[in-house]
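Data file: run_12.cif. Format and content: mmCIF, C-alpha atoms and all ligand atoms.
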```
data_model
#
loop_
_atom_site.label_atom_id
_atom_site.label_comp_id
_atom_site.auth_asym_id
_atom_site.auth_seq_id
_atom_site.Cartn_x
_atom_site.Cartn_y
_atom_site.Cartn_z
CA MET A 2 229.13 33.65 249.78
CA ARG A 3 229.97 32.84 246.14
CA THR A 4 230.31 35.45 243.41
CA CYS A 5 227.49 35.67 240.86
CA ARG A 6 228.51 36.30 237.25
CA ILE A 7 226.09 37.23 234.48
CA ALA A 8 227.41 36.46 231.00
CA PRO A 9 225.21 37.84 228.20
CA SER A 10 225.43 35.78 225.01
CA ILE A 11 226.13 38.01 222.03
CA LEU A 12 224.17 35.54 219.90
CA SER A 13 221.09 37.70 220.55
CA ALA A 14 222.89 41.05 220.14
CA ASP A 15 222.64 43.34 217.11
CA PHE A 16 225.61 42.08 215.09
CA ALA A 17 225.70 45.26 213.00
CA ARG A 18 226.60 47.20 216.19
CA LEU A 19 228.50 44.53 218.07
CA GLY A 20 231.21 46.72 219.66
CA GLU A 21 228.58 49.09 221.03
CA GLU A 22 226.41 46.20 222.24
CA VAL A 23 229.38 44.72 224.13
CA ARG A 24 230.17 48.05 225.81
CA ASP A 25 226.51 48.74 226.63
CA VAL A 26 225.84 45.38 228.21
CA LEU A 27 228.98 45.61 230.37
CA GLU A 28 228.11 49.15 231.46
CA ALA A 29 224.66 47.76 232.29
CA GLY A 30 226.24 45.43 234.85
CA ALA A 31 227.23 42.28 232.94
CA ASP A 32 230.36 40.51 234.16
CA TRP A 33 231.50 38.46 231.14
CA ILE A 34 230.80 38.37 227.42
CA HIS A 35 229.65 34.92 226.29
CA PHE A 36 230.80 34.29 222.70
CA ASP A 37 228.94 31.46 220.93
CA VAL A 38 230.81 29.82 218.07
CA MET A 39 228.75 27.48 215.84
CA ASP A 40 230.00 25.65 212.75
CA ASN A 41 226.91 24.17 211.03
CA HIS A 42 228.46 20.73 211.66
CA TYR A 43 228.51 20.06 215.40
CA VAL A 44 225.33 22.17 215.64
CA PRO A 45 222.87 23.13 212.88
CA ASN A 46 223.71 26.84 212.89
CA LEU A 47 226.57 29.09 211.82
CA THR A 48 227.79 32.13 213.78
CA VAL A 49 231.14 33.83 214.30
CA GLY A 50 234.82 32.93 214.50
CA PRO A 51 238.15 34.26 215.76
CA LEU A 52 238.08 37.37 213.55
CA VAL A 53 234.98 38.65 215.32
CA CYS A 54 236.45 37.75 218.71
CA ALA A 55 239.56 39.80 217.86
CA ALA A 56 237.30 42.65 216.70
CA ILE A 57 235.46 42.92 220.03
CA ARG A 58 238.59 42.45 222.17
CA PRO A 59 239.60 46.16 222.04
CA HIS A 60 236.12 47.16 223.26
CA THR A 61 236.51 45.63 226.71
CA LYS A 62 238.82 44.33 229.40
CA ALA A 63 236.04 42.01 230.65
CA VAL A 64 236.35 38.25 230.34
CA ILE A 65 235.48 36.90 226.88
CA ASP A 66 234.03 33.45 227.45
CA VAL A 67 234.32 31.55 224.15
CA HIS A 68 231.86 28.65 223.88
CA LEU A 69 232.93 26.40 221.00
CA MET A 70 230.12 24.41 219.39
CA ILE A 71 232.42 23.10 216.69
CA GLU A 72 233.92 19.79 215.64
CA PRO A 73 236.83 19.18 215.39
CA VAL A 74 237.96 21.53 218.16
CA ASP A 75 241.75 21.51 218.32
CA SER A 76 242.52 23.15 214.98
CA LEU A 77 240.72 26.39 215.91
CA ILE A 78 241.99 26.78 219.48
CA PRO A 79 245.24 28.63 218.60
CA ALA A 80 243.24 31.19 216.60
CA PHE A 81 240.92 31.93 219.55
CA ILE A 82 243.86 32.20 221.94
CA LYS A 83 245.42 34.73 219.57
CA ALA A 84 242.09 36.55 219.21
CA GLY A 85 242.12 37.36 222.94
CA ALA A 86 239.79 34.77 224.47
CA ASP A 87 240.05 34.47 228.27
CA ILE A 88 238.08 31.24 228.66
CA ILE A 89 237.58 28.55 226.02
CA THR A 90 235.00 25.81 226.55
CA PHE A 91 234.18 22.89 224.25
CA HIS A 92 231.72 19.99 224.18
CA CYS A 93 232.78 16.56 225.51
CA GLU A 94 231.56 14.83 222.32
CA ALA A 95 233.39 17.21 219.98
CA SER A 96 236.95 16.30 220.98
CA ARG A 97 238.51 12.90 220.42
CA HIS A 98 241.13 13.62 223.06
CA ILE A 99 239.59 15.72 225.80
CA ASP A 100 242.69 15.73 227.97
CA ARG A 101 244.83 16.99 225.08
CA THR A 102 242.33 19.73 224.18
CA LEU A 103 242.11 20.98 227.78
CA GLN A 104 245.90 21.03 227.98
CA MET A 105 246.18 22.91 224.69
CA ILE A 106 243.85 25.67 225.94
CA ARG A 107 245.71 26.05 229.22
CA ASP A 108 249.13 26.00 227.55
CA GLY A 109 247.90 28.98 225.54
CA GLY A 110 247.25 30.90 228.77
CA CYS A 111 243.44 30.61 228.77
CA LYS A 112 241.11 29.01 231.28
CA ALA A 113 239.59 25.78 230.02
CA GLY A 114 236.10 24.37 230.36
CA LEU A 115 234.12 21.28 229.43
CA VAL A 116 230.53 21.61 228.17
CA PHE A 117 227.81 19.06 228.87
CA ASN A 118 224.69 18.82 226.71
CA PRO A 119 221.49 17.97 228.58
CA ALA A 120 221.98 14.25 227.84
CA THR A 121 225.78 14.10 228.27
CA PRO A 122 226.81 12.04 231.30
CA LEU A 123 228.93 13.65 234.00
CA SER A 124 231.41 10.75 233.89
CA TYR A 125 233.56 12.88 231.56
CA LEU A 126 234.57 14.77 234.71
CA ASP A 127 235.95 11.68 236.44
CA TYR A 128 239.63 12.06 235.60
CA GLU A 129 239.89 15.64 234.40
CA LEU A 130 238.93 17.97 237.26
CA ASP A 131 242.55 19.03 237.74
CA ARG A 132 242.63 20.44 234.21
CA ILE A 133 239.21 22.13 234.26
CA ASP A 134 238.50 25.73 235.32
CA VAL A 135 234.82 25.87 234.32
CA VAL A 136 232.05 23.29 233.98
CA LEU A 137 229.37 24.53 231.56
CA LEU A 138 226.00 22.79 231.73
CA MET A 139 223.76 23.29 228.71
CA SER A 140 220.14 23.76 229.74
CA VAL A 141 218.98 23.68 226.09
CA ASN A 142 220.25 21.64 223.16
CA PRO A 143 223.00 23.77 221.61
CA GLY A 144 222.49 25.62 218.37
CA PHE A 145 219.97 28.40 218.92
CA GLY A 146 219.11 31.22 221.27
CA GLY A 147 215.64 31.73 222.70
CA GLN A 148 214.84 28.09 223.61
CA SER A 149 213.12 26.96 226.82
CA PHE A 150 215.07 25.82 229.87
CA ILE A 151 215.22 22.02 230.24
CA GLU A 152 214.18 21.36 233.85
CA PRO A 153 216.06 18.07 234.59
CA VAL A 154 219.30 20.03 234.19
CA LEU A 155 218.65 21.42 237.70
CA GLU A 156 219.21 17.97 239.16
CA LYS A 157 222.40 17.61 237.15
CA CYS A 158 223.53 21.00 238.39
CA LEU A 159 223.09 19.90 242.01
CA ALA A 160 225.19 16.81 241.31
CA VAL A 161 228.00 18.88 239.78
CA ARG A 162 227.88 21.37 242.67
CA GLU A 163 228.33 18.56 245.15
CA ARG A 164 231.27 17.22 243.19
CA LEU A 165 232.96 20.62 242.82
CA ASP A 166 232.50 21.40 246.52
CA ARG A 167 234.12 18.09 247.41
CA TYR A 168 236.99 18.84 245.01
CA GLN A 169 237.47 22.30 246.51
CA ALA A 170 237.52 20.90 250.05
CA GLU A 171 240.23 18.45 248.99
CA THR A 172 242.40 20.73 246.83
CA GLY A 173 241.50 24.32 247.77
CA ARG A 174 240.80 25.09 244.10
CA ALA A 175 237.40 26.43 243.01
CA ILE A 176 235.97 25.40 239.61
CA LEU A 177 233.20 27.61 238.23
CA LEU A 178 229.76 26.19 237.42
CA GLU A 179 228.09 27.91 234.46
CA VAL A 180 224.58 27.27 233.11
CA ASP A 181 223.67 28.21 229.52
CA GLY A 182 220.28 28.24 227.79
CA GLY A 183 216.85 29.60 228.63
CA VAL A 184 218.05 31.52 231.70
CA LYS A 185 215.71 34.39 232.64
CA PRO A 186 214.87 36.59 235.64
CA SER A 187 211.94 34.22 236.36
CA ASN A 188 214.00 31.01 236.70
CA ILE A 189 217.49 32.20 237.70
CA ALA A 190 216.79 31.84 241.45
CA ARG A 191 216.11 28.11 241.05
CA ILE A 192 219.29 27.70 238.99
CA ALA A 193 221.28 29.57 241.64
CA ARG A 194 219.83 27.34 244.37
CA ALA A 195 220.91 24.31 242.33
CA GLY A 196 224.50 25.52 242.67
CA ALA A 197 225.35 27.51 239.54
CA ASP A 198 227.49 30.63 240.01
CA THR A 199 227.75 31.83 236.39
CA PHE A 200 224.68 32.46 234.24
CA VAL A 201 224.58 32.86 230.47
CA ALA A 202 221.59 34.79 229.16
CA GLY A 203 221.13 35.79 225.54
CA SER A 204 217.55 36.55 224.58
CA ALA A 205 216.56 37.57 228.13
CA VAL A 206 219.16 40.36 228.17
CA PHE A 207 219.36 41.52 224.54
CA GLY A 208 215.59 41.15 224.11
CA ALA A 209 215.34 44.23 226.35
CA LYS A 210 216.64 46.25 223.33
CA THR A 211 218.06 49.32 225.13
CA LYS A 212 220.96 49.86 227.53
CA ALA A 213 218.49 50.83 230.26
CA GLY A 214 216.58 47.62 229.54
CA TYR A 215 219.79 45.56 229.77
CA ALA A 216 220.53 47.15 233.17
CA GLU A 217 217.03 46.35 234.39
CA VAL A 218 217.22 42.67 233.36
CA ILE A 219 220.78 42.15 234.66
CA GLY A 220 219.89 43.95 237.90
CA SER A 221 216.84 41.77 238.47
CA MET A 222 218.86 38.62 237.76
CA LYS A 223 221.56 39.60 240.25
CA ALA A 224 218.97 40.50 242.88
CA ALA A 225 217.21 37.15 242.39
CA VAL A 226 220.50 35.24 242.78
CA ALA A 227 221.47 37.21 245.91
CA ALA A 228 218.03 36.53 247.43
CA ALA A 229 218.22 32.82 246.56
CA TRP A 230 221.65 32.45 248.12
CA SER A 231 220.73 34.37 251.26
CA GLN A 232 217.60 32.23 251.79
CA LYS A 233 219.75 29.13 251.49
CA ALA A 234 222.32 30.28 254.08
C1 LIG B 301 222.94 27.93 222.70
C2 LIG B 301 224.01 28.93 223.11
C3 LIG B 301 223.60 29.94 224.09
C4 LIG B 301 222.22 30.44 224.07
C5 LIG B 301 221.83 31.46 225.05
O1 LIG B 301 223.45 27.04 221.80
O2 LIG B 301 225.15 28.27 223.58
O3 LIG B 301 224.61 30.64 224.72
O4 LIG B 301 221.92 30.87 222.79
O5 LIG B 301 220.68 32.09 224.61
P1 LIG B 301 219.32 32.10 225.42
O6 LIG B 301 219.65 32.75 226.73
O7 LIG B 301 218.43 32.92 224.57
O8 LIG B 301 218.87 30.68 225.59
ZN ZN B 302 226.66 29.39 224.77
#
```
Turn this file's structure into structure tokens for me.
Ligand code: DX5
Ligand code: ZN
Amino acid sequence: MRTCRIAPSILSADFARLGEEVRDVLEAGADWIHFDVMDNHYVPNLTVGPLVCAAIRPHTKAVIDVHLMIEPVDSLIPAFIKAGADIITFHCEASRHIDRTLQMIRDGGCKAGLVFNPATPLSYLDYELDRIDVVLLMSVNPGFGGQSFIEPVLEKCLAVRERLDRYQAETGRAILLEVDGGVKPSNIARIARAGADTFVAGSAVFGAKTKAGYAEVIGSMKAAVAAAWSQKA
């Protein structure tokens, strides 16, 4: 049985109380903190940078999963490594030299991931699986929280799962499959059945407003994933 990870996106948190929000959501059962970085260039929105990542680092030992929606990518990677990121992912279209960017992240001691927009072809994976720790499939167009899940991404997810399983059978190395955008208690079972193991959820979790609410949403997501995986077996 695979491990299910829930990664709340702080994009929907209360930024005025970010340290507390990070602690609350982890105490409520979250596994990772998903940290969305937007530059108003690669995507039409502006969020947070390495300073804020460094500010939340002392609040938790949990994995900080930095999702870079920025272009260019390479110049900011050293700052996020220094800020305490555990995982750094970037979009295929945002790096001119994907192999170099992946290498740069790993040389800095972080796990590296490639992000695919809904329309980005999976061919970017063809020669790079050995350097990838996480595949992140966007199930909305990047830039904003609270959008609706794009259904054809489920088919794409199945295709990636098949590819990663084949790779694991050949090499013994597991690559994580993360889905980001519009994930909710009502659709997470279908996403889990399509092969994802790591689920980003922003508005669904933080929309619950209180720590008890976060625990309820995260608990129902984990239960739905466990049920989906046990039905499949
Ligand atoms: C979208 C971001 C997300 C997203 C998640 O560009 O990468 O992580 O905001 O938020 P929800 O779960 O609200 O779609
Ligand atoms: Zn994200």
Can you build me a table of chain A residues sitting at most 10 Å from ligand LIG 301 (chain B), with the closest atom pair per residue and its distance in Å to one decimal, using all atoms listed in the file, sorted by chain and residue number, as a Markdown table?
```
| residue | atom | partner | partner_atom | distance |
| --- | --- | --- | --- | --- |
| A:Ala8 | CA | B:LIG301 | O3 | 9.0 |
| A:Pro9 | CA | B:LIG301 | O6 | 7.7 |
| A:Ser10 | CA | B:LIG301 | O3 | 5.2 |
| A:Ile11 | CA | B:LIG301 | O3 | 8.0 |
| A:Leu12 | CA | B:LIG301 | O4 | 5.9 |
| A:Ser13 | CA | B:LIG301 | O7 | 6.8 |
| A:His35 | CA | B:LIG301 | O3 | 6.8 |
| A:Phe36 | CA | B:LIG301 | O3 | 7.5 |
| A:Asp37 | CA | B:LIG301 | O2 | 5.6 |
| A:Val38 | CA | B:LIG301 | O2 | 8.0 |
| A:Met39 | CA | B:LIG301 | O1 | 8.0 |
| A:Val44 | CA | B:LIG301 | O1 | 8.1 |
| A:Pro45 | CA | B:LIG301 | O1 | 9.8 |
| A:Asn46 | CA | B:LIG301 | O1 | 8.9 |
| A:Val67 | CA | B:LIG301 | O2 | 9.8 |
| A:His68 | CA | B:LIG301 | O2 | 6.7 |
| A:Leu69 | CA | B:LIG301 | O2 | 8.4 |
| A:Met70 | CA | B:LIG301 | O2 | 7.6 |
| A:Val116 | CA | B:LIG301 | O2 | 9.7 |
| A:Asn118 | CA | B:LIG301 | O1 | 9.7 |
| A:Leu137 | CA | B:LIG301 | O2 | 9.8 |
| A:Leu138 | CA | B:LIG301 | O2 | 9.9 |
| A:Met139 | CA | B:LIG301 | O2 | 7.3 |
| A:Ser140 | CA | B:LIG301 | O8 | 8.2 |
| A:Val141 | CA | B:LIG301 | C1 | 6.7 |
| A:Asn142 | CA | B:LIG301 | O1 | 6.4 |
| A:Pro143 | CA | B:LIG301 | O1 | 3.3 |
| A:Gly144 | CA | B:LIG301 | O1 | 3.8 |
| A:Phe145 | CA | B:LIG301 | O1 | 4.7 |
| A:Gly146 | CA | B:LIG301 | O4 | 3.2 |
| A:Gly147 | CA | B:LIG301 | O7 | 3.6 |
| A:Gln148 | CA | B:LIG301 | O8 | 5.2 |
| A:Ser149 | CA | B:LIG301 | O8 | 7.0 |
| A:Phe150 | CA | B:LIG301 | O8 | 7.5 |
| A:Val180 | CA | B:LIG301 | O3 | 9.0 |
| A:Asp181 | CA | B:LIG301 | O3 | 5.5 |
| A:Gly182 | CA | B:LIG301 | O8 | 3.6 |
| A:Gly183 | CA | B:LIG301 | O8 | 3.8 |
| A:Val184 | CA | B:LIG301 | O6 | 5.4 |
| A:Lys185 | CA | B:LIG301 | O6 | 7.3 |
| A:Phe200 | CA | B:LIG301 | O6 | 9.0 |
| A:Val201 | CA | B:LIG301 | O3 | 6.2 |
| A:Ala202 | CA | B:LIG301 | O6 | 3.7 |
| A:Gly203 | CA | B:LIG301 | O6 | 3.6 |
| A:Ser204 | CA | B:LIG301 | O7 | 3.7 |
| A:Ala205 | CA | B:LIG301 | O6 | 5.9 |
| A:Val206 | CA | B:LIG301 | O6 | 7.8 |
| A:Phe207 | CA | B:LIG301 | O7 | 8.7 |
| A:Gly208 | CA | B:LIG301 | O7 | 8.7 |
```
Hey, can I get the axis-aligned box for region 172-182 of chain A? All listed atoms, 3 Å padding on each side, centre and edge lengths in Å to one decimal, as JSON.
```
{"center_x": 231.3, "center_y": 24.5, "center_z": 237.8, "size_x": 28.1, "size_y": 13.5, "size_z": 26.0}
```
Inset, instruction - Determine, counting only C-alpha atoms, which protein, DNA and RNA residues have an atom within 8 Å of an atom of region 217-221 of chain A; residues of the same chain fewer than 4 positions away are not included. Present the result as a PyMOL selection string. - result: chain A and resi 7+29-31+186+205-206+209+213+225
Inset, instruction - Would you mind telling me which residue in A:Val53, A:Ile133, A:Ile192, A:Leu115 lies nearest to ligand ZN 302 (chain B) when using all atoms listed in the file? - result: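 Answer, going by the shortest atom-to-atom distance: A:Leu115.
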Inset, instruction - Extract, using only C-alpha atoms, all DNA, RNA and protein residues at most 12 Å from Asp131 (chain A), discarding same-chain residues fewer than 4 positions from it, and format them as a list of chain:residue names. - result: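 Contacts, in chain order: A:Asp100, A:Leu103, A:Gln104, A:Arg107, A:Lys112, A:Ala113, A:Gly114, A:Leu126, A:Asp127, A:Val135, A:Val136, A:Leu165, A:Tyr168, A:Gln169, A:Glu171, A:Thr172, A:Gly173, A:Arg174, A:Ala175, A:Ile176.
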I'd like the neighbourhood of Leu159 (chain A) as a CSV table (one decimal) with C-alpha atoms, in the coordinates of the input, where a residue qualifies if any of its atoms comes within 12 Å (using all atoms listed in the file), though same-chain residues fewer than 3 positions away should be ignored.
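Output below, filename result.csv:
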```
chain,number,residue,atom,x,y,z
A,123,LEU,CA,228.9,13.6,234.0
A,138,LEU,CA,226.0,22.8,231.7
A,153,PRO,CA,216.1,18.1,234.6
A,154,VAL,CA,219.3,20.0,234.2
A,155,LEU,CA,218.6,21.4,237.7
A,156,GLU,CA,219.2,18.0,239.2
A,162,ARG,CA,227.9,21.4,242.7
A,163,GLU,CA,228.3,18.6,245.2
A,164,ARG,CA,231.3,17.2,243.2
A,165,LEU,CA,233.0,20.6,242.8
A,166,ASP,CA,232.5,21.4,246.5
A,178,LEU,CA,229.8,26.2,237.4
A,180,VAL,CA,224.6,27.3,233.1
A,191,ARG,CA,216.1,28.1,241.0
A,192,ILE,CA,219.3,27.7,239.0
A,193,ALA,CA,221.3,29.6,241.6
A,194,ARG,CA,219.8,27.3,244.4
A,195,ALA,CA,220.9,24.3,242.3
A,196,GLY,CA,224.5,25.5,242.7
A,197,ALA,CA,225.4,27.5,239.5
A,198,ASP,CA,227.5,30.6,240.0
```
Legend entry - Distance of CA of Thr90 (chain A) from CA of Ile106 (chain A), expressed in Å to one decimal place: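 Between these atoms lies a distance of 8.9 Å.
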Legend entry - Minimum-distance residue to Asp134 (chain A), chosen among A:Ile89, A:Met2, A:Ile34, A:Met222 (using all atoms listed in the file):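 Closest residue, counting all atoms listed in the file: A:Ile89.
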Excluding same-chain residues fewer than 6 positions from Ala56 (chain A), what lies within 10 Å of it counting all atoms listed in the file, as a PDB file with C-alpha atoms, in the frame of the given file?
```pdb
ATOM      1  CA  LEU A  19     228.500  44.530 218.070  1.00  0.00           C
ATOM      2  CA  GLY A  20     231.210  46.720 219.660  1.00  0.00           C
ATOM      3  CA  ALA A  84     242.090  36.550 219.210  1.00  0.00           C
ATOM      4  CA  GLY A  85     242.120  37.360 222.940  1.00  0.00           C
TER       5      GLY A  85
END
```
Legend entry - Distance criterion (only C-alpha atoms): nearest to Phe81 (chain A) out of A:Pro122, A:Ala224, A:Lys157, A:Cys54: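 The closest residue to Phe81 (chain A) is A:Cys54.
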Legend entry - Two-atom distance - CA of Trp230 (chain A), CA of Arg24 (chain A) (Å):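 CA of Arg24 (chain A) lies at a distance of 28.5 Å from CA of Trp230 (chain A).
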Inset, instruction - Take CA of Ala63 (chain A) and CA of Arg3 (chain A) and report the distance between them in Å, one decimal. - result: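 Going from CA of Ala63 (chain A) over to CA of Arg3 (chain A) covers 19.0 Å.
Shortest atom-to-atom contact with ligand ZN 302 (chain B) among A:Glu179, A:Val23, A:Val64, A:Arg167: A:Glu179, counting only C-alpha atoms and all ligand atoms.
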Inset, instruction - Rank A:Phe91, A:Phe16, A:Tyr125, A:Tyr43 by their smallest atom-to-atom distance to ligand ZN 302 (chain B), using all atoms listed in the file, and report the top residue only. - result: A:Phe91
Legend entry - Residue nearest ligand ZN 302 (chain B) among A:Thr61, A:Thr48, A:Ser96, A:Thr4 (counting only C-alpha atoms and all ligand atoms):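 So, comparing all the options, the nearest one is A:Thr48.
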